[in-house]
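**Q** Below is one structure. I have some questions about it.
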Amino acid sequence: MSEVAQTPPTHNKLGTLFLIPTHLTTASAENTQQVMPAQVISTAIRLTHYIAENAKTARAFLKAIGVTRPLAEISIVELDKHTKQPQQSGYASLLAPLLAGIDVGLVSEAGAPAVADPGALVVAAAHRAGIAVKPLVGPSSLLLALMASGLNGQSFVFHGYLPQEKADRAQRIMNMERESKRQQQTQMFIETPYRNQALLADLLSTLSPTTQLCIATDLTGAMESVRTKSVADWRSSNTSLHKLPTIFLLLA
């Protein structure tokens with residue numbers, strides 16, 4: 001009796017979700033190509049599908065790295081804090097190209113995606129769907145600021161944005177300073193650029209004079225500045241943050 005050949009079951013090959021860092025400062029071909037690793041540029045150029053916080057910003061990044069394909073031919077689906085997440089399936093429409101075997105790039109507004117931005121939810125959904133996630137090396141404002149601060153890089157925490165209400169913000173600052181002193185832990189946080197000056201004023205009026213404060217501004221940009229001084233020294237200086245993106249770090 002002859003054997004009947006069995007056809008092995010077929011499995012659809014899934015795409016890979018590439019986490020693509022972008023420039024931290026205003027897009028320009030010269031600046032972007034200076035700070036972006038070659039692997040990031042070559043990967044980003046070949047991709048035809050993207051998930052981005054803002055399509056306009058993503059197109060500016062692609063143009064700056066030298067994409068020759070017409071931008072109209074590149075699919076960019078927007079994801080921001082207002083995007084709804086279904087309870088179980090989670091971003092099914094965003095994952096559709098990946099499930100069909102197409103590689104997709106995830107980009108943030110600036111710097112490393114999925115760190116302090118809504119892209120983390122897409123990455124979590126990709127893991128649940130069994131999709132491979134490939135992080136690429138590139139600019140991260142948080143790590144650059146920590147590296148250059150001279151503060152404790154062995155133990156640190158990132159708080160994101162502090163409360164906008166003045167009393168609540170002052171309380172959060174006191175809590176961070178207390179925790180920093182207790183654990184000798186660097187505390188990191190950010191603010192919307194046009195509120196930087198108000199946050200700095202609250203830091204200087206709330207923190208102990210001996211607490212070390214680092215202000216890292218416009219990292220990788222033309223106005224880059226990283227300075228670490230005691231709060232007492234900051235109080236005696238006239239500091240303008242120029243409404244530029246800034247990372248604040250403190251160590252009590």
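Chain labels run A, B, ... following the order of the structure tokens; each chain numbers its residues from 1, and ligands are numbered from 1 in the order shown.
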How close does segment 100-122 of chain A get to segment 58-64 of chain A? List, as a tab-separated table, each residue of segment 100-122 of chain A within 12 Å, its nearest atom pair and the distance in Å to one decimal, counting only C-alpha atoms.
**A**
residue	atom	partner	partner_atom	distance
A:Gly105	CA	A:Ala58	CA	10.4
A:Leu106	CA	A:Ala58	CA	9.7
A:Val107	CA	A:Ala58	CA	7.1
A:Ser108	CA	A:Ala58	CA	8.1
A:Glu109	CA	A:Ala58	CA	7.5
A:Ala110	CA	A:Ala58	CA	9.5
A:Gly111	CA	A:Phe61	CA	11.0
A:Pro113	CA	A:Ala58	CA	11.9
**Q** Can you pull out every residue within 12 Å of Met147 of chain A, counting only C-alpha atoms, but drop anything in the same chain fewer than 5 positions away, and send it as number ranges by chain?
**A** A: 140-142, 152-154, 156, 186, 214, 216, 219, 226-228, 247, 249
**Q** Would you mind exporting the chosen residues as a PDB file, in the first residue's frame, restricted to C-alpha atoms?
**A**
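Result went into again04.pdb, see below:
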ATOM      1  CA  SER A 140      17.272  58.796  24.197  1.00  0.00           C
ATOM      2  CA  SER A 141      17.016  62.128  25.977  1.00  0.00           C
ATOM      3  CA  LEU A 142      16.592  60.424  29.359  1.00  0.00           C
ATOM      4  CA  ASN A 152      23.684  58.440  40.477  1.00  0.00           C
ATOM      5  CA  GLY A 153      23.391  56.259  37.376  1.00  0.00           C
ATOM      6  CA  GLN A 154      23.103  53.045  39.416  1.00  0.00           C
ATOM      7  CA  PHE A 156      17.271  56.281  39.217  1.00  0.00           C
ATOM      8  CA  THR A 186      18.399  60.152  41.040  1.00  0.00           C
ATOM      9  CA  CYS A 214      20.842  68.958  36.734  1.00  0.00           C
ATOM     10  CA  ALA A 216      19.732  69.141  30.437  1.00  0.00           C
ATOM     11  CA  LEU A 219      20.172  67.496  23.825  1.00  0.00           C
ATOM     12  CA  VAL A 226      23.863  70.149  30.494  1.00  0.00           C
ATOM     13  CA  ARG A 227      24.666  71.709  33.874  1.00  0.00           C
ATOM     14  CA  THR A 228      24.651  70.211  37.387  1.00  0.00           C
ATOM     15  CA  ILE A 247      15.163  67.007  31.292  1.00  0.00           C
ATOM     16  CA  LEU A 249      17.298  65.545  37.430  1.00  0.00           C
TER      17      LEU A 249
END
**Q** I want to know what sits within 12 Å of segment 92-102 of chain A, based on only C-alpha atoms, with residues of the same chain fewer than 5 positions away left out; could you give that as JSON, numbers by chain?
**A** {"A": [11, 12, 13, 14, 15, 16, 17, 18, 46, 47, 48, 49, 50, 51, 52, 75, 76, 77, 78, 79, 83, 84, 85, 86, 87, 119, 121, 122, 123, 124, 125, 126, 127, 128, 129, 130, 131, 132, 133]}
**Q** Next, dump the selected residues to file, keeping only C-alpha atoms, as a short mmCIF file (atom, residue, chain, number, x, y, z; two decimals), in the first residue's frame.
**A**
data_model
loop_
_atom_site.label_atom_id
_atom_site.label_comp_id
_atom_site.auth_asym_id
_atom_site.auth_seq_id
_atom_site.Cartn_x
_atom_site.Cartn_y
_atom_site.Cartn_z
CA HIS A 11 1.99 29.15 9.06
CA ASN A 12 1.75 32.78 8.12
CA LYS A 13 5.01 34.56 8.77
CA LEU A 14 4.52 37.56 11.00
CA GLY A 15 6.21 40.89 10.45
CA THR A 16 8.63 42.47 12.91
CA LEU A 17 7.85 45.60 14.89
CA PHE A 18 10.96 47.81 14.70
CA ARG A 46 13.24 50.26 3.63
CA LEU A 47 10.03 50.17 5.69
CA THR A 48 6.72 51.02 4.03
CA HIS A 49 4.50 50.99 7.13
CA TYR A 50 4.75 53.10 10.27
CA ILE A 51 2.95 53.74 13.53
CA ALA A 52 3.61 57.27 14.81
CA SER A 75 1.54 54.20 5.27
CA ILE A 76 1.66 56.13 8.56
CA VAL A 77 -1.02 55.33 11.14
CA GLU A 78 -1.27 57.76 14.04
CA LEU A 79 -1.22 56.68 17.66
CA THR A 83 -6.25 56.30 20.72
CA LYS A 84 -8.70 53.84 22.20
CA GLN A 85 -7.43 50.43 23.28
CA PRO A 86 -9.91 47.53 23.09
CA GLN A 87 -9.92 45.62 26.36
CA GLY A 119 4.00 53.49 21.82
CA LEU A 121 0.91 50.08 24.47
CA VAL A 122 1.57 48.99 20.87
CA VAL A 123 4.64 47.05 21.98
CA ALA A 124 2.62 45.30 24.68
CA ALA A 125 -0.07 44.40 22.12
CA ALA A 126 2.61 43.06 19.76
CA HIS A 127 3.93 40.76 22.49
CA ARG A 128 0.44 39.46 23.17
CA ALA A 129 0.05 38.69 19.47
CA GLY A 130 3.37 36.85 19.29
CA ILE A 131 4.96 39.52 17.07
CA ALA A 132 8.72 39.96 17.29
CA VAL A 133 9.83 43.34 18.64
#
**Q** Work out how far atom CA of Tyr161 of chain A is from atom CA of Tyr91 of chain A, in Å to one decimal.
**A**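 For atom CA of Tyr91 of chain A relative to atom CA of Tyr161 of chain A, the distance reads 25.2 Å.
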**Q** Quick one: pull the distance between atom CA of Lys243 of chain A and atom CA of Gln185 of chain A, Å, one decimal.
**A**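 About the pair atom CA of Lys243 of chain A and atom CA of Gln185 of chain A: they are 27.5 Å apart.
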**Q** Among the residues of segment 60-118 of chain A, find those DSSP assigns to strand (DSSP E or B) from the backbone and print them as a list in words.
**A** Ser75, Ile76, Val77, Glu78, Val104, Gly105, Leu106 and Val107 of chain A
**Q** In Å, with one decimal, what is the gap from atom CA of Pro21 of chain A to atom CA of Val40 of chain A?
**A**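 Atom CA of Val40 of chain A lies at a distance of 7.5 Å from atom CA of Pro21 of chain A.
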**Q** Can you pull out the residues contacting segment 170-182 of chain A? Cut-off 7 Å, using only C-alpha atoms, and skip same-chain residues under 3 positions away; I want them as a PDB file with N, CA, C and O atoms, in the first residue's frame.
**A**
ATOM      1  N   LYS A 166      -0.020  74.151  41.392  1.00  0.00           N
ATOM      2  CA  LYS A 166       1.196  74.569  42.092  1.00  0.00           C
ATOM      3  C   LYS A 166       1.409  73.832  43.418  1.00  0.00           C
ATOM      4  O   LYS A 166       2.517  73.351  43.701  1.00  0.00           O
ATOM      5  N   ALA A 167       0.375  73.720  44.229  1.00  0.00           N
ATOM      6  CA  ALA A 167       0.521  73.059  45.526  1.00  0.00           C
ATOM      7  C   ALA A 167       0.840  71.579  45.358  1.00  0.00           C
ATOM      8  O   ALA A 167       1.695  71.022  46.071  1.00  0.00           O
ATOM      9  N   GLN A 185      18.931  58.083  45.294  1.00  0.00           N
ATOM     10  CA  GLN A 185      18.394  57.739  43.978  1.00  0.00           C
ATOM     11  C   GLN A 185      18.143  59.009  43.172  1.00  0.00           C
ATOM     12  O   GLN A 185      17.525  59.951  43.642  1.00  0.00           O
ATOM     13  N   THR A 186      18.638  59.021  41.933  1.00  0.00           N
ATOM     14  CA  THR A 186      18.399  60.152  41.040  1.00  0.00           C
ATOM     15  C   THR A 186      16.931  60.181  40.625  1.00  0.00           C
ATOM     16  O   THR A 186      16.368  59.163  40.218  1.00  0.00           O
ATOM     17  N   GLN A 187      16.318  61.352  40.728  1.00  0.00           N
ATOM     18  CA  GLN A 187      14.922  61.547  40.334  1.00  0.00           C
ATOM     19  C   GLN A 187      14.901  62.348  39.032  1.00  0.00           C
ATOM     20  O   GLN A 187      15.505  63.418  38.944  1.00  0.00           O
ATOM     21  N   ASP A 202       9.692  76.729  40.856  1.00  0.00           N
ATOM     22  CA  ASP A 202       9.167  75.914  41.949  1.00  0.00           C
ATOM     23  C   ASP A 202      10.245  75.003  42.531  1.00  0.00           C
ATOM     24  O   ASP A 202      10.291  74.783  43.752  1.00  0.00           O
ATOM     25  N   THR A 206      11.531  75.223  46.480  1.00  0.00           N
ATOM     26  CA  THR A 206      11.089  74.082  47.291  1.00  0.00           C
ATOM     27  C   THR A 206      12.240  73.211  47.770  1.00  0.00           C
ATOM     28  O   THR A 206      12.233  72.730  48.904  1.00  0.00           O
ATOM     29  N   LEU A 207      13.232  72.980  46.932  1.00  0.00           N
ATOM     30  CA  LEU A 207      14.308  72.055  47.252  1.00  0.00           C
ATOM     31  C   LEU A 207      15.282  72.622  48.274  1.00  0.00           C
ATOM     32  O   LEU A 207      15.444  73.835  48.413  1.00  0.00           O
ATOM     33  N   LEU A 251      19.326  65.022  42.873  1.00  0.00           N
ATOM     34  CA  LEU A 251      19.859  64.030  43.801  1.00  0.00           C
ATOM     35  C   LEU A 251      20.108  64.724  45.127  1.00  0.00           C
ATOM     36  O   LEU A 251      20.908  65.665  45.199  1.00  0.00           O
ATOM     37  N   ALA A 252      19.385  64.277  46.166  1.00  0.00           N
ATOM     38  CA  ALA A 252      19.512  64.910  47.482  1.00  0.00           C
ATOM     39  C   ALA A 252      20.660  64.275  48.254  1.00  0.00           C
ATOM     40  O   ALA A 252      20.947  63.091  48.096  1.00  0.00           O
TER      41      ALA A 252
END
**Q** Which residues are close to Ile215 of chain A, i.e. within 12 Å by only C-alpha atoms, leaving aside same-chain residues fewer than 4 positions away? Reply as a VMD selection string.
**A** chain A and resid 141 to 142 144 to 146 148 to 151 188 to 191 196 to 197 199 to 200 203 219 224 to 231 234 239 to 241 244 to 250
**Q** Taking only C-alpha atoms into account, name the residue in A:Gly160, A:Gly66, A:Pro193, A:Pro209 that is nearest to Val115 of chain A.
**A**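 Smallest separation from Val115 of chain A among the options: A:Gly160.
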**Q** With only C-alpha atoms as the atoms that count, which of A:Asn54, A:Thr22, A:Ser205, A:Thr68 lies nearest to Leu136 of chain A?
**A**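 Residue with the minimum atom-to-atom distance to Leu136 of chain A: A:Thr22.
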**Q** Apply DSSP to the backbone of this structure and, from segment 8-242 of chain A, keep only the residues in helix (DSSP H, G or I); write these as a PyMOL selection string.
**A** chain A and resi 29-35+38-46+55-64+71-73+92-99+119-128+141-149+166-183+193-206+231-235
